[in-house]
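Remarks on the structure that follows.
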Amino acid sequence: MDLVRHLECFVAVAEESHFGRAAARLGMAQPPLSQRVQRLERHLGVRLFERTSRQVSITEAGALLLPEAREVLARSEALMATARRIRDGETGLLRAALPPDISGDTVAALLAGFADAGSAGVELELHELPTAQQLERFAAHELDVGLIHHPCDVSGLELGPVLRRELGVLLPGGAAAAGLDEVPLASLTGYDLILFPRTGAPAVYDDLLTTCARNGYTPPAVRHAQGTSFVRGLVLSAEAVSFSPRDAHGPGEGNGEGSRRGPAAGVVWRPLTGAPLALRHSVAWPGGRGDAAVAAFAEAATRALRTTAGATPDLPSRPLHLRPASEYWL
């Protein structure tokens with residue numbers, strides 16, 4: 001039995017004291033209304049109305065149950081309203097993720113933009129996860145939206161616009177290449193390379209090494225690190241270099257704009273000649289989940305990357321993996 005609908009019939013008859021008027025109010029015929037009231041009486045085991053050929057009056061039992069019935073209907077409507085807001089992304093929990101290479105300024109701008117988008121009723125649960133772990137959580141239905149690196153397998157996901165962040169090189173301040181305005185990849189020959197662990201984004205990892213080889217740089221060894229301080233320590237002490245976007249290098253590092261410091265200066269950042277390396281991002285979410293909260297996060301992330309990280313729209317010269325490039329623009 002549809003208890004809520006039967007209670008609606010009970011309350012309408014009680015308030016109208018007339019089956020005909022109650023039926024008109026509910027937009028139904030009178031016989032089905034009478035049948036529903038009778039079924040409710042049988043279900044509850046009490047008589048709700050006294051009926052005569054001329055009038056309907058509520059019984060004492062009916063009068064006692066009427067406030068309870070109204071409360072159930074009010075709670076039912078509140079539940080449905082909450083469900084609609086959750087469905088439309090206006091409230092509830094949004095499980096989101098960002099990769100480890102995103103700068104603090106970008107994270108702060110994203111969170112501010114998400115709040116400004118009117119998502120105050122949404123609890124944002126933000127995680128720091130590499131692309132591979134994000135894809136695993138999408139598959140397990142444990143993540144609602146994330147910022148991923150391309151190329152990767154995006155089967156079953158919808159994507160926001162792809163953005164490009166050009167990579168420069170972090171290198172010891174005493175390195176010969178540190179004196180250049182732009183550093184050719186080939187000039188890094190002899191230096192080990194520090195990269196994020198391959199398990200975090202295998203296709204991106206392989207793509208970076210392939211591009212380095214094509215441009216004359218094959219590192220003697222690849223060391224793995226992610227934390228900024230650990231990477232800097234390896235660059236300073238291990239005759240190694242690392243690739244980094246301009247927005248990610250720290251305040252104590254050279255910026256490629258004429259800063260020239262000796263070996264004691266530590267680590268410097270320089271752009272790469274011809275900008276051969278870049279990180280390519282887009283916001284991703286499970287197909288069919290594009291509600292208001294996901295849209296707000298995607299817009300905030302895209303805007304934050306463009307304003308704080310200098311990211312620019314990217315139209316790849318080759319498919320990003322398993323989907324045509326045209327599908328990467330919404």
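Chain lettering (A, B, ...) mirrors the order of the structure tokens, residue numbering begins at 1 for each chain separately, and ligand numbering begins at 1 in order of display.
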For the structure I just gave you, how does DSSP split region 119-259 of chain A - specifically, which residues are helix (DSSP H, G or I)? Reply as a PyMOL selection string.
chain A and resi 131-139+176-179+185-188+198-200+202-214+228-237+246-248
I'd like to know which of A:Thr312, A:Ser17, A:Thr302, A:Thr307 is closest to Gly160 (chain A), using only C-alpha atoms.
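Going through A:Thr312, A:Ser17, A:Thr302, A:Thr307 one by one, the smallest distance to Gly160 (chain A) is for A:Thr302.
With distances restricted to only C-alpha atoms, A:Gly113 is the closest residue to Ala296 (chain A) from A:Gly20, A:Gly216, A:Gly113, A:Pro313.
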Can you measure CA of Arg246 (chain A) to CA of Leu129 (chain A) for me? One decimal in Å is fine.
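Computing the Euclidean distance for CA of Arg246 (chain A) and CA of Leu129 (chain A) yields 21.0 Å.
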